[in-house]
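Trainee: Quick one: this structure, given as structure tokens, is what I'll be asking you about.
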There are 2 protein chains.
Amino acid sequence: MKGAQALVQTLADCGVSMCFANPGTSEMHVVAALDAVSGLRGALCLFEGVATGAADGYGRMTGKPAAVLLHLGPGLANGLANLHNARRAHTPLVAVVGDHASYHKRFDAPLESDIDALAAAVSGWVRRASPAGAGQDAADATAAALRPPGQVATLIVPADVAWSEGASTAPPAAASQPDPVPDAAVTEAEAALRSGEPCVILLGGAGLRRPGLAAASRLACAGQVRLLAETFAARHERGAGIPQVERLAYLAEMASPQLAGTRHLILAGARPPVTFFAYPGKPSSLVPDGCQVHMLAAAGDDVHGALAALAGQVAPDARPRPRHAERPALPDGDLTAQSAAAVIGALLPEAAIVSDEANTSGLWLAAATAGAPPHDWLGLTGGAIGQGLPLATGAAMACPDRPVIALEADGSAMYTISALWTHAREQLDITSIVFANRRYAILAMELDRVGAESTGESARSLLDLSRPDIDFTALAAGMGVPASRAATAPQLAAALRRALAEPGPHLIQADLP
Amino acid sequence: MKGAQALVQTLADCGVSMCFANPGTSEMHVVAALDAVSGLRGALCLFEGVATGAADGYGRMTGKPAAVLLHLGPGLANGLANLHNARRAHTPLVAVVGDHASYHKRFDAPLESDIDALAAAVSGWVRRASPAGAGQDAADATAAALRPPGQVATLIVPADVAWSEGASTAPPAAASQPDPVPDAAVTEAEAALRSGEPCVILLGGAGLRRPGLAAASRLACAGQVRLLAETFAARHERGAGIPQVERLAYLAEMASPQLAGTRHLILAGARPPVTFFAYPGKPSSLVPDGCQVHMLAAAGDDVHGALAALAGQVAPDARPRPRHAERPALPDGDLTAQSAAAVIGALLPEAAIVSDEANTSGLWLAAATAGAPPHDWLGLTGGAIGQGLPLATGAAMACPDRPVIALEADGSAMYTISALWTHAREQLDITSIVFANRRYAILAMELDRVGAESTGESARSLLDLSRPDIDFTALAAGMGVPASRAATAPQLAAALRRALAEPGPHLIQADLP
């Protein structure tokens with residue numbers, strides 16, 4: 001069979017069932033192979049950053065890699081920012097990047113570029129597919145993507161590899177398991193917990209899924225340790241019935257008090273906490289002076305197993321403490337970030353998946369939704385904005401029976417706004433709420449925090465999203481997504497109720513002060 | 001002064017007067033410096049690919065570099081595709097990419113990535129700014145950008161370099177000149193022209209500007225040589241009163257006949273012609289068998305000087321032959337790619353700048369506009385789509401007194417659609433005509449050309465832009481750009497007349513079959 005057919009069939013055989021695609025000429029044989037073989041479905045995205053973000057969302061929700069199909073170096077380049085986020089999320093993801101035919105590269109045609117260098121910047125695994133081995137390459141890429149904790153595996157496919165006959169499929173590799181945590185790591189953490197000194201367990205990765213949370217909660221209930229969640233988690237299961245874990249704050253001014261006095265910081269699926277950016281005269285590390293850091297389990301380890309073993313040692317009889325159900329009252333009055341959060345907390349549906357790119361407008365969301373019905377919260381893992389709408393796309397494809405809520409800052413929404421078109425084409429059950437405060441509010445704050453006080457017109461203009469105001473309802477309508485606008489809390493509640501009750505995508509522009 | 005101030009002031013002193021910006025926290029000191037010093041104006045773009053494409057358009061029209069201000073690796077990543085096009089266009093461009101403070105990098109904060117590797121993929125010059133040398137770094141970056149024929153120069157600016165005191169400005173470097181063409185190259189070309197064998201001069205770069213075209217036209221008028229223009233020129237001056245040069249076709253099936261029988265191919269600012277993509281069983285090179293290639297002048301050489309010297313030898317008495325003025329009649333009937341081209345040819349205003357990303361819909365444009373009033377034609381140099389609307393942005397900022405026409409394929413328009421917002425904010429005199437055929441027509445054609453015949457639903461779906469149809473007038477309205485829609489040729493003519501008569505940006509959706 002052709003290389004493209006061996007590639008596609010092997011991906012399907014390895015359990016890759018979705019391909020978010022924005023192909024070009026050099027990928028046409030792969031596109032054709034989607035019809036020739038079965039099991040791998042293509043979904044068109046109008047921009048590569050939508051495809052990669054969607055694959056990230058799909059991988060976060062299923063634990064299985066989606067494929068993306070990208071066109072040469074520029075196509076990969078357009079997808080890099082969300083691949084960066086996927087890398088930080090440890091999402092299994094297979095990026096298939098077409099390239100010129102191998103013999104064509106030396107002619108340096110207009111689209112020629114250094115695909116390998118671009119791929120290396122975001123991928124844990126990169127390979128160029130070979131003519132006879134395209135099937136095996138696909139199997140290896142899938143296995144690499146699935147290697148715990150998950151990573152971006154990029155397979156560069158020259159056009160002549162795709163169109164040449166003589167390739168064959170390859171069987172899936174055996175699934176690899178997370179590394180077991182050595183007893184010594186558990187013993188070290190146990191000693192810390194038994195020291196009588198203030199301890200914090202910082203949870204990340206699998207530590208923020210139900211089994212990990214249950215084990216961690218047993219430790220917290222037994223005393224001596226507080227739990228914190230990493231700031232931008234790939235997927236945090238939370239809500240009523242699930243142990244509640246407070247998130248480490250984004251701002252160092254708020255995160256430092258959360259960690260103050262801690263003498264032992266135990267990492268379970270998380271990395272040592274650092275500030276998101278550097279600020280003049282302030283430390284980069286958030287680990288308090290005199291605090292010891294204990295690596296119980298890295299992201300690729302058996303985080304749940306380690307927490308369970310530790311709980312078995314320290315808190316054999318403790319039980320996890322589920323969060324009680326509680327919702328805010330539906331507020332009246334003008335819409336503010338705070339009242340919008342209350343509306344969302346009051347109406348968040350059971351089993352919702354929240355794609356959170358609300359940024360500064362999301363300050364009150366965590367508290368307002370803590371007691372809502374159980375849900376998944378997907379964070380901006382790599383800080384590259386433009387993630388939210390694409391991530392929601394993939395999450396909705398992965399979980400067609402669950403409602404997806406994309407919480408979007410207006411500035412961030414504009415990076416990958418064409419995701420709305422895929423929401424409409426696939427009729428995904430996504431409600432996008434765009435918080436429109438008409439500025440890059442986070443930068444107005446950061447301008448001051450980095451000591452670059454400026455009240456000048458130039459700086460103001462570069463942080464301002466008015467002139468003209470963006471009408472997101474028009475953008476949504478232009479891409480086939482029904483939309484409405486809310487300027488008061490009751491209007492937001494009515495719009496959200498309506499969107500949740502109807503199938504398919506919706507957008508609500510929430511006008512904030 | 002602070003590093004950021006030295007950087008910005010030096011850029012301004014070196015003649016960099018525009019900065020297309022999409023900044024983040026690590027660039028806040030550079031943003032503040034735009035107010036602290038004078039001469040460098042910031043323009044906000046809502047996505048980095050708009051900023052880099054705008055800088056490309058600005059550089060093509062002024063010959064001076066614009067700056068772009070980008071946020072770390074992900075911001076650079078989002079701008080890479082249009083930097084790739086700028087690299088292929090030999091556009092002078094200074095990319096300023098903020099980075100974490102140098103001491104912060106080892107903490108591998110969420111946004112940390114390999115900026116240097118990404119920058120190297122598109123830049124002819126890359127440097128990390130140093131604390132004391134930020135001014136000199138900026139001067140060197142500008143000089144590098146301006147080195148003939150022009151290139152992308154990327155200066156990575158760590159946040160602590162930007163905010164530290166102790167930097168100073170640096171004076172501009174002396175302007176570098178194109179390399180003179182050695183006599184031997186002229187003599188070789190002269191021998192070819194005197195051989196009596198069929199000769200073609202392939203013009204590119206400066207060869208497609210008026211002085212180069214005039215010299216080339218003298219050669220053509222003296223006989224023995226035909227002129228062709230490279231397929232995707234950065235800037236081609238054409239229209240009534242300017243010597244006309246036919247463009248080498250995109251499709252090999254059409255380009256090969258243009259070159260058939262040629263025994264001497266003389267390159268003047270162009271590279272040896274190759275097919276855009278590889279196709280099974282077809283050669284990559286478009287140079288006919290038995291044809292000798294003579295490099296008269298590379299892009300960085302004095303192309304005009306070489307052509308003038310050659311004309312002085314071979315055609316001392318010949319005069320250039322200007323294209324006569326001629327416009328198509330305004331057509332009636334339904335809108336087709338052909339009738340749309342006639343409308344544009346009939347109404348193209350004097351001194352227009354055309355940003356051409358019409359792709360398949362643009363097949364008839366060259367003929368329809370050949371005798372229109374003199375204008376500049378800006379091509380898709382690197383093949384990375386999403387160039388057109390951003391490029392128009394920069395061209396309009398560069399030439400506020402000239403009308404800019406962006407000819408956009410619907411598929412390509414969606415990559416960087418937020419450029420419309422900058423059109424509105426800056427009230428740029430840009431008329432964007434979106435050719436809406438509701439499909440990636442070029443891929444439907446290429447699917448067949450690469451021998452990947454597929455009539456399956458999957459392939460069809462990935463090349464189809466309907467379901468839902470995109471309403472570009474709604475997208476434009478959502479970003480503050482007045483818009484209309486045309487389904488007949490007279491409607492397009494009326495809409496174009498209106499758009500050209502009114503100041504500020506407009507969008508016309510041209511609905512094609």
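Chain labels follow the order of the structure tokens: the first chain is A, the next B, and so on; residue numbering restarts at 1 in every chain, and ligands are counted from 1 in their shown order.
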Contacts from chain A to chain B, 6 Å maximum, only C-alpha atoms: show me the residue list as a PDB file with N, CA and C atoms, in the first residue's frame.

Mentor:
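File produced: iface_25.pdb:
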ATOM      1  N   THR A  25      -1.101  20.884  -0.233  1.00  0.00           N
ATOM      2  CA  THR A  25      -0.798  19.998  -1.354  1.00  0.00           C
ATOM      3  C   THR A  25       0.032  18.796  -0.923  1.00  0.00           C
ATOM      4  N   MET A  28      -1.913  15.779   0.489  1.00  0.00           N
ATOM      5  CA  MET A  28      -3.121  15.302  -0.201  1.00  0.00           C
ATOM      6  C   MET A  28      -3.244  13.780  -0.180  1.00  0.00           C
ATOM      7  N   HIS A  29      -2.123  13.081  -0.189  1.00  0.00           N
ATOM      8  CA  HIS A  29      -2.230  11.621  -0.139  1.00  0.00           C
ATOM      9  C   HIS A  29      -2.686  11.145   1.239  1.00  0.00           C
ATOM     10  N   VAL A  31      -4.712  12.904   3.099  1.00  0.00           N
ATOM     11  CA  VAL A  31      -6.144  13.226   3.066  1.00  0.00           C
ATOM     12  C   VAL A  31      -6.919  12.131   2.324  1.00  0.00           C
ATOM     13  N   ALA A  32      -6.390  11.742   1.179  1.00  0.00           N
ATOM     14  CA  ALA A  32      -7.077  10.699   0.410  1.00  0.00           C
ATOM     15  C   ALA A  32      -7.127   9.392   1.191  1.00  0.00           C
ATOM     16  N   ASP A  35     -10.088   8.356   3.373  1.00  0.00           N
ATOM     17  CA  ASP A  35     -11.212   7.655   2.750  1.00  0.00           C
ATOM     18  C   ASP A  35     -10.867   6.206   2.449  1.00  0.00           C
ATOM     19  N   LEU A  44     -11.995  19.393   9.884  1.00  0.00           N
ATOM     20  CA  LEU A  44     -11.295  20.530   9.302  1.00  0.00           C
ATOM     21  C   LEU A  44     -11.241  21.702  10.274  1.00  0.00           C
ATOM     22  N   PHE A  47      -7.470  27.050  10.654  1.00  0.00           N
ATOM     23  CA  PHE A  47      -6.154  27.586  11.031  1.00  0.00           C
ATOM     24  C   PHE A  47      -5.469  26.520  11.856  1.00  0.00           C
ATOM     25  N   PRO A  74       5.475  26.285   7.510  1.00  0.00           N
ATOM     26  CA  PRO A  74       4.545  27.344   7.916  1.00  0.00           C
ATOM     27  C   PRO A  74       3.282  26.811   8.597  1.00  0.00           C
ATOM     28  N   ALA A  77       4.347  25.970  11.986  1.00  0.00           N
ATOM     29  CA  ALA A  77       4.587  27.221  12.715  1.00  0.00           C
ATOM     30  C   ALA A  77       3.278  27.780  13.264  1.00  0.00           C
ATOM     31  N   ASN A  78       2.246  27.789  12.435  1.00  0.00           N
ATOM     32  CA  ASN A  78       0.951  28.313  12.896  1.00  0.00           C
ATOM     33  C   ASN A  78       0.361  27.480  14.028  1.00  0.00           C
ATOM     34  N   LEU A  80       2.275  25.975  16.381  1.00  0.00           N
ATOM     35  CA  LEU A  80       3.261  25.791  17.459  1.00  0.00           C
ATOM     36  C   LEU A  80       2.793  26.279  18.823  1.00  0.00           C
ATOM     37  N   ALA A  81       2.109  27.408  18.862  1.00  0.00           N
ATOM     38  CA  ALA A  81       1.769  27.989  20.165  1.00  0.00           C
ATOM     39  C   ALA A  81       0.900  27.014  20.957  1.00  0.00           C
ATOM     40  N   ALA A 101       8.536  16.386  -1.231  1.00  0.00           N
ATOM     41  CA  ALA A 101       9.204  15.132  -1.581  1.00  0.00           C
ATOM     42  C   ALA A 101      10.696  15.285  -1.297  1.00  0.00           C
ATOM     43  N   ALA A 109      12.237  25.295  -2.797  1.00  0.00           N
ATOM     44  CA  ALA A 109      10.988  25.896  -3.285  1.00  0.00           C
ATOM     45  C   ALA A 109      10.433  26.853  -2.227  1.00  0.00           C
ATOM     46  N   PRO A 110       9.502  27.724  -2.628  1.00  0.00           N
ATOM     47  CA  PRO A 110       9.064  28.796  -1.714  1.00  0.00           C
ATOM     48  C   PRO A 110       8.680  28.338  -0.313  1.00  0.00           C
ATOM     49  N   LEU A 111       8.021  27.196  -0.179  1.00  0.00           N
ATOM     50  CA  LEU A 111       7.563  26.770   1.147  1.00  0.00           C
ATOM     51  C   LEU A 111       8.616  25.996   1.929  1.00  0.00           C
ATOM     52  N   ASP A 114      12.867  24.939   7.728  1.00  0.00           N
ATOM     53  CA  ASP A 114      13.482  23.975   8.632  1.00  0.00           C
ATOM     54  C   ASP A 114      12.423  23.379   9.572  1.00  0.00           C
ATOM     55  N   ALA A 121      11.199  22.137  18.879  1.00  0.00           N
ATOM     56  CA  ALA A 121      10.912  23.108  19.935  1.00  0.00           C
ATOM     57  C   ALA A 121       9.713  22.711  20.797  1.00  0.00           C
ATOM     58  N   PHE A 276       5.424  33.151  37.091  1.00  0.00           N
ATOM     59  CA  PHE A 276       5.147  33.036  35.662  1.00  0.00           C
ATOM     60  C   PHE A 276       6.140  33.878  34.867  1.00  0.00           C
ATOM     61  N   ALA A 278       9.447  36.996  35.408  1.00  0.00           N
ATOM     62  CA  ALA A 278      10.383  37.617  36.341  1.00  0.00           C
ATOM     63  C   ALA A 278       9.943  39.051  36.597  1.00  0.00           C
ATOM     64  N   GLY A 382       0.545  26.350  29.137  1.00  0.00           N
ATOM     65  CA  GLY A 382       1.806  26.916  28.663  1.00  0.00           C
ATOM     66  C   GLY A 382       1.799  28.421  28.560  1.00  0.00           C
ATOM     67  N   GLY A 383       0.680  29.032  28.912  1.00  0.00           N
ATOM     68  CA  GLY A 383       0.614  30.484  28.898  1.00  0.00           C
ATOM     69  C   GLY A 383       0.495  31.109  27.516  1.00  0.00           C
ATOM     70  N   ALA A 384       0.435  30.280  26.488  1.00  0.00           N
ATOM     71  CA  ALA A 384       0.319  30.830  25.129  1.00  0.00           C
ATOM     72  C   ALA A 384      -1.160  31.041  24.822  1.00  0.00           C
ATOM     73  N   TYR A 415      -7.092  35.359  18.918  1.00  0.00           N
ATOM     74  CA  TYR A 415      -5.945  34.665  18.325  1.00  0.00           C
ATOM     75  C   TYR A 415      -6.372  33.493  17.440  1.00  0.00           C
ATOM     76  N   ARG A 425     -19.435  23.732  12.317  1.00  0.00           N
ATOM     77  CA  ARG A 425     -19.453  22.622  11.360  1.00  0.00           C
ATOM     78  C   ARG A 425     -19.746  21.299  12.065  1.00  0.00           C
ATOM     79  N   GLU A 446       0.331  44.201  34.514  1.00  0.00           N
ATOM     80  CA  GLU A 446       1.744  43.799  34.478  1.00  0.00           C
ATOM     81  C   GLU A 446       2.665  44.993  34.177  1.00  0.00           C
ATOM     82  N   LEU A 447       2.164  45.928  33.404  1.00  0.00           N
ATOM     83  CA  LEU A 447       2.957  47.122  33.096  1.00  0.00           C
ATOM     84  C   LEU A 447       3.433  47.757  34.398  1.00  0.00           C
ATOM     85  N   ALA A 452       7.320  49.284  34.910  1.00  0.00           N
ATOM     86  CA  ALA A 452       7.385  50.077  33.679  1.00  0.00           C
ATOM     87  C   ALA A 452       6.233  51.056  33.653  1.00  0.00           C
ATOM     88  N   SER A 454       3.847  53.658  32.972  1.00  0.00           N
ATOM     89  CA  SER A 454       3.713  54.482  31.780  1.00  0.00           C
ATOM     90  C   SER A 454       2.276  54.925  31.691  1.00  0.00           C
ATOM     91  N   GLY A 456       1.563  56.974  29.116  1.00  0.00           N
ATOM     92  CA  GLY A 456       1.589  57.579  27.791  1.00  0.00           C
ATOM     93  C   GLY A 456       0.549  56.980  26.868  1.00  0.00           C
ATOM     94  N   SER A 458       0.963  55.906  23.785  1.00  0.00           N
ATOM     95  CA  SER A 458       1.400  54.735  23.022  1.00  0.00           C
ATOM     96  C   SER A 458       1.137  53.457  23.797  1.00  0.00           C
ATOM     97  N   ALA A 459       1.594  53.434  25.024  1.00  0.00           N
ATOM     98  CA  ALA A 459       1.411  52.221  25.817  1.00  0.00           C
ATOM     99  C   ALA A 459      -0.069  51.942  26.005  1.00  0.00           C
ATOM    100  N   LEU A 462      -1.631  50.337  23.023  1.00  0.00           N
ATOM    101  CA  LEU A 462      -1.246  48.952  22.734  1.00  0.00           C
ATOM    102  C   LEU A 462      -1.891  47.951  23.692  1.00  0.00           C
ATOM    103  N   ARG A 467     -11.925  50.947  20.170  1.00  0.00           N
ATOM    104  CA  ARG A 467     -11.481  51.657  18.946  1.00  0.00           C
ATOM    105  C   ARG A 467     -10.973  50.678  17.912  1.00  0.00           C
ATOM    106  N   PRO A 468     -11.767  49.907  17.231  1.00  0.00           N
ATOM    107  CA  PRO A 468     -13.191  49.727  17.480  1.00  0.00           C
ATOM    108  C   PRO A 468     -13.437  48.623  18.510  1.00  0.00           C
ATOM    109  N   ILE A 470     -14.978  45.252  19.606  1.00  0.00           N
ATOM    110  CA  ILE A 470     -15.208  44.033  18.821  1.00  0.00           C
ATOM    111  C   ILE A 470     -16.588  43.485  19.161  1.00  0.00           C
ATOM    112  N   ASP A 471     -17.375  43.202  18.126  1.00  0.00           N
ATOM    113  CA  ASP A 471     -18.693  42.607  18.330  1.00  0.00           C
ATOM    114  C   ASP A 471     -18.567  41.097  18.095  1.00  0.00           C
ATOM    115  N   ALA A 474     -21.300  39.278  16.173  1.00  0.00           N
ATOM    116  CA  ALA A 474     -21.209  39.334  14.704  1.00  0.00           C
ATOM    117  C   ALA A 474     -20.180  38.322  14.205  1.00  0.00           C
ATOM    118  N   LEU A 475     -19.067  38.212  14.893  1.00  0.00           N
ATOM    119  CA  LEU A 475     -18.059  37.238  14.476  1.00  0.00           C
ATOM    120  C   LEU A 475     -18.642  35.826  14.531  1.00  0.00           C
ATOM    121  N   GLY A 478     -21.085  35.248  11.766  1.00  0.00           N
ATOM    122  CA  GLY A 478     -20.378  35.097  10.502  1.00  0.00           C
ATOM    123  C   GLY A 478     -19.822  33.694  10.298  1.00  0.00           C
ATOM    124  N   MET A 479     -19.671  32.971  11.407  1.00  0.00           N
ATOM    125  CA  MET A 479     -19.161  31.598  11.309  1.00  0.00           C
ATOM    126  C   MET A 479     -20.216  30.561  11.690  1.00  0.00           C
ATOM    127  N   GLY A 480     -21.482  30.991  11.725  1.00  0.00           N
ATOM    128  CA  GLY A 480     -22.557  30.020  11.902  1.00  0.00           C
ATOM    129  C   GLY A 480     -22.844  29.626  13.332  1.00  0.00           C
TER     130      GLY A 480
END

Trainee: Find the residues around Ala325 of chain B up to 8 Å (only C-alpha atoms counted), leave out those fewer than 5 positions away in its own chain, and share them as a list in words.

Mentor: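 Those residues are Gly239, Ala240, Gly241, Gly371, Ala372 and Pro373 of chain B.
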
Trainee: Next, write the just-selected residues to a file, as a compact mmCIF listing (two decimals), in the first residue's frame, keeping N, CA and C atoms as the atom set.

Mentor:
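So the final result, stored in out04.txt, reads:
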# COMPACT_ATOMS: atom_id res chain seq x y z
N GLY B 239 1.52 48.03 -15.01
CA GLY B 239 0.42 48.89 -15.45
C GLY B 239 0.84 49.80 -16.59
N ALA B 240 -0.10 50.66 -16.97
CA ALA B 240 0.12 51.54 -18.13
C ALA B 240 1.35 52.42 -17.91
N GLY B 241 2.18 52.48 -18.94
CA GLY B 241 3.37 53.32 -18.87
C GLY B 241 4.60 52.61 -18.36
N GLY B 371 -3.11 46.73 -18.23
CA GLY B 371 -3.11 48.07 -18.77
C GLY B 371 -3.79 49.09 -17.87
N ALA B 372 -4.03 48.68 -16.63
CA ALA B 372 -4.61 49.62 -15.65
C ALA B 372 -3.58 50.68 -15.30
N PRO B 373 -4.01 51.75 -14.66
CA PRO B 373 -3.02 52.76 -14.26
C PRO B 373 -1.91 52.11 -13.43

Trainee: Can you work out the spacing between atom CA of Leu248 of chain B and atom CA of Val303 of chain B in Å, to one decimal?

Mentor: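 Going from atom CA of Leu248 of chain B over to atom CA of Val303 of chain B covers 18.7 Å.
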
Trainee: Record the distance separating atom CA of Ala370 of chain A and atom CA of Gln244 of chain A, expressed in Å with one decimal.

Mentor: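 Atom-to-atom, atom CA of Ala370 of chain A to atom CA of Gln244 of chain A, that is 7.2 Å.
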
Trainee: In segment 79-293 of chain B, what's strand (DSSP E or B) per DSSP? Answer as an NGL selection string?

Mentor: :B and (93-99 or 125-128 or 152-158 or 179 or 199-203 or 225-229 or 236-238 or 246-247 or 264-268 or 274 or 285 or 292-293)

Trainee: Among segment 281-491 of chain B, which residues does DSSP mark as helix (DSSP H, G or I) when it is run on the backbone? Keep the chain and numbering as in the structure and answer as a ChimeraX atom specification.

Mentor: /B:303-314,337-347,359-362,365-369,388-398,410-416,419-425,441-449,457-462,472-478,489-491

Trainee: Give me, please, the distance in Å between atom CA of Asp56 of chain A and atom CA of Ala215 of chain A, quoted to one decimal.

Mentor: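 We find that atom CA of Asp56 of chain A and atom CA of Ala215 of chain A lie 26.9 Å from each other.
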
Trainee: Find the spatial neighbours of segment 219-225 of chain B, counting only C-alpha atoms, within a cut-off of 9 Å - ignore same-chain residues fewer than 6 positions away - and output them as a list in words.

Mentor: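 Contacts, in chain order: Leu193, Arg194, Ser195, Gly196, Glu197, Pro198, Cys199, Val200, Ile201, Leu307, Leu310, Ala311, Val314, Ala315, Asp317, Ala318, Arg319, Pro320 and Arg321 of chain B.
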
Trainee: Okay, now the selection with C-alpha atoms, as a PDB file, in the first residue's frame?

Mentor:
ATOM      1  CA  LEU B 193      22.103  37.213 -26.010  1.00  0.00           C
ATOM      2  CA  ARG B 194      24.416  37.425 -29.038  1.00  0.00           C
ATOM      3  CA  SER B 195      24.345  33.649 -29.568  1.00  0.00           C
ATOM      4  CA  GLY B 196      21.293  33.822 -31.760  1.00  0.00           C
ATOM      5  CA  GLU B 197      19.711  31.125 -29.601  1.00  0.00           C
ATOM      6  CA  PRO B 198      16.423  31.628 -27.752  1.00  0.00           C
ATOM      7  CA  CYS B 199      17.008  33.551 -24.523  1.00  0.00           C
ATOM      8  CA  VAL B 200      14.791  34.403 -21.562  1.00  0.00           C
ATOM      9  CA  ILE B 201      15.576  36.867 -18.813  1.00  0.00           C
ATOM     10  CA  LEU B 307      20.545  45.035 -16.507  1.00  0.00           C
ATOM     11  CA  LEU B 310      23.850  44.651 -20.308  1.00  0.00           C
ATOM     12  CA  ALA B 311      21.433  46.924 -22.174  1.00  0.00           C
ATOM     13  CA  VAL B 314      23.604  44.846 -26.380  1.00  0.00           C
ATOM     14  CA  ALA B 315      20.947  47.474 -27.015  1.00  0.00           C
ATOM     15  CA  ASP B 317      19.985  52.583 -28.783  1.00  0.00           C
ATOM     16  CA  ALA B 318      16.899  50.673 -27.736  1.00  0.00           C
ATOM     17  CA  ARG B 319      14.253  52.334 -25.635  1.00  0.00           C
ATOM     18  CA  PRO B 320      11.943  50.689 -23.182  1.00  0.00           C
ATOM     19  CA  ARG B 321       8.468  49.884 -24.419  1.00  0.00           C
TER      20      ARG B 321
END

Trainee: Check the smallest atom-to-atom distance from each of B:Pro503, B:Leu213, B:Phe435, B:Leu391 to Gly53 of chain B using only C-alpha atoms, then report the winner.

Mentor: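 Smallest separation from Gly53 of chain B among the options: B:Leu391.
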